[in-house]
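Inspection log for the structure reproduced underneath, given as structure tokens.
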Amino acid sequence: MKKLFQEFKDFAIKGNLIDMAVGIIIGTAFNNVVNTLVKKVVMPPLSMLTDDVNLANKKYILRQAGENIEEVAIGYGEMIEAFIDFGIIAFTIFMVIKFIKRFKDKSEDPANKEVVTPKNIELLSNIERLMKEQNEILKK
């Protein structure tokens, strides 16, 4: 039990737990943005292109509603909207990661003088340079 507690403490202190919590909070807020984008920006023009058909209301009725009988239907329109949501989220995350990766690659390039190189990358670059020099000396 003590070992489990120590592992959890190490996990929480190293920032993994905090990073995960921040990611979940941002993801939740991002979900609201995407839902609004799909429902208020993407779907209205799509609805106009399809003669004012609202996809969310599209369904395949298996059993009609009647007295004391509920309607049974497959809501394929909502599924289409969910796929559109997913596509927008996936594309947006792809673009954000691509944008971040470009800056990360730039910052990790020791030859790039525009961005301050992190100390660990600078040290690795120096070690690499020294190893190349050492190899040249040993070849002679």
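Scheme for the structure tokens: letters A, B, ... for chains in order shown; per-chain residue numbers from 1; ligand numbers from 1 in order shown.
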- Task: Could you pull out the residues in stretch 8-84 of chain A that DSSP calls strand (DSSP E) from the backbone, as a PyMOL selection string?
- Result: chain A and resi 60-63+72-74
- Message: For A:Thr92, find every residue with an atom within 12 Å (counting only C-alpha atoms), except residues of its own chain fewer than 5 positions away, and show them as a ChimeraX atom specification.
- Response: /A:27,30-31,33-34,37,85-87,97-99
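Relative to atom CA of A:Leu17, atom CA of A:Leu4 is found at 15.3 Å.
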- Just how far from atom CA of A:Ala21 is atom CA of A:Thr36, in Å to one decimal? 23.2 Å
- Query: Which one of A:Val42, A:Leu123, A:Ile61, A:Met48 sits closest to A:Ile84 if you count only C-alpha atoms?
  - Reply: A:Val42
- Message: Just list as a ChimeraX atom specification whatever in chain A DSSP marks as helix (DSSP H, G or I).
- Response: /A:2-13,16-49,55-57,76-108,119-139
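Rounded to one decimal, atom CA of A:Tyr60 and atom CA of A:Met43 lie 20.1 Å from each other.
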- If you count only C-alpha atoms, which residues fall within 9 Å of A:Leu62, apart from same-chain ones fewer than 6 positions away, as a PyMOL selection string? chain A and resi 71-74
Limited to C-alpha atoms, could you put the picked residues into a file as a CSV table (one decimal), in the first residue's frame?
```
chain,number,residue,atom,x,y,z
A,71,GLU,CA,-41.7,5.9,-31.5
A,72,VAL,CA,-38.6,3.8,-32.2
A,73,ALA,CA,-36.2,5.3,-34.7
A,74,ILE,CA,-32.6,5.4,-35.7
```
- Query: Which residues come within 12 Å of A:Lys39, counting only C-alpha atoms, excluding same-chain residues fewer than 5 positions away, as a list in words?
  - Reply: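 So the residues in contact are Asn32, Val33, Val34, Pro44, Pro45, Leu46, Ser47, Asn54, Leu55, Ala56, Glu78, Glu81, Ala82, Ile84, Asp85 and Ile88 of chain A.
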